[in-house]
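One structure is given here, and the rest of the page talks about it.
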Amino acid sequence: MANEASRTGGAVAVVSERAGQRRTYGEEEGSVSHRVLTRGRRFLSNILETRLVGTGLWILAIVVFCALFADLIAPYAPNEQDYLAITEAPTAAHLLGTDDLGRDVLSRIIYGSRISLMVGVIAVGIALILGVSLGLLAGYAGGTTDDVAMRIVDAVQAFPGLILALGITAALGPGIEKVMIAIGIVATPAIARLTRAQVLTIREREFVAAARVIGASPLKIVGRHIWPNVTAPIIVQATLLTATAILTEAGLSFLGVGVKPPTATWGSMLRTGSQYLEVAPWLAFAPGMAIFATVLAFNFVGDGLRRALDPRLLSRRRG
């Protein structure tokens, strides 16, 4: 009987211990999720402290919504023609009028947001891959590697951005993929220089030296100790470069070397509208305002991210 009682007592103790562990794990998971939620709210509040960031977020939300659901919200197909309403002024049927081929301007603005966002995001993605890789390599390796990498960056930056993008696009041929590659190459030097500057600052810190002492490989040091500490300014720069990429794509399309017609792009619409400024000013006004609002929104959000991620500005607020 005594043995049975002891076994029963041991089983009860084990069950209670496991239940206590489950409660502990549950509490830890709850605390982790609470900390993540708190940090997210704090980060969002830090961003929104900057003036006009909320306006920029709303504009970007509208542009993204139009890009994602263009097929549902556009009143007409982007290339649908109405030969009885060529260069027609804004009416109830065509809220922003029609172009020289009878196509609805509002519908082409909505569909054009897809091209602008796609080019902006993918081109900046290309620039991030090339620029971050080059900057991390040059900043950490130093010496001859740094000199060669930076001379390549200097050579690319010696050309005006739009002229270089124009030359690359002309060499590769028209098409949205070529435009993305061209803009990505043009944007690479800015990312590479910023990454290199951040790495030069971080690589002499004590925790990096300690990682070297314990025998960590250069790849592990860069990936686990340096890269996480240089991402904040790169995120800000990428946001601002997205606005520049949209402007560059519009400029290339305006010059006739961007996306092939009849694809709806804001730059090509602006080019068409420039030929009818006296008789149909709405053709240029609508795409021009779309470009202006989107680029301005990205700049607002980029400024808010810079203030939210800058530790010096955060310390001033807390102080």
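If you're wondering about the labels, chains in the structure tokens are A, B, ... by order shown, residues count from 1 in each chain, ligands from 1 in order shown.
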Selection near Thr263 (chain A), 12 Å with only C-alpha atoms, sequence-local residues under 5 positions removed, as a ChimeraX atom specification: /A:77-80,103,107-109,111-116,175-176,253,258,268-269
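The residue that comes closest to Ser133 (chain A), out of A:Trp227, A:Phe69, A:Phe159, A:Tyr76 and on the basis of only C-alpha atoms, is A:Trp227.
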Between A:Val295, A:Asp99, A:Ala216, A:Gly173, single out the one closest to Arg271 (chain A), counting only C-alpha atoms. A:Asp99
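Between CA of Ile59 (chain A) and CA of Glu177 (chain A) the separation is 26.1 Å.
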Among the residues A:Ile291, A:Val208, A:Leu60, A:Ile86, the one that comes closest to Leu247 (chain A) [using only C-alpha atoms]: A:Ile291
Taking only C-alpha atoms into account, name the residue in A:Thr144, A:Gln275, A:Thr195, A:Thr91 that is nearest to Gly131 (chain A). A:Thr195
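The protein and nucleic acid residues lying at most 10 Å from Leu137 (chain A) are Gly131, Val132, Ser133, Leu134, Gly135, Gly139, Tyr140, Ala141, Gly142, Thr145, Asp146, Ala149, Ala192, Thr195, Arg196, Val199, Leu219 and Val222 of chain A, with only C-alpha atoms considered and sequence neighbours fewer than 2 positions away removed.
Residue nearest Ala123 (chain A) within the list A:Ala61, A:Ile181, A:Ile191, A:Leu283: A:Ile181 [criterion: smallest interatomic distance, only C-alpha atoms].
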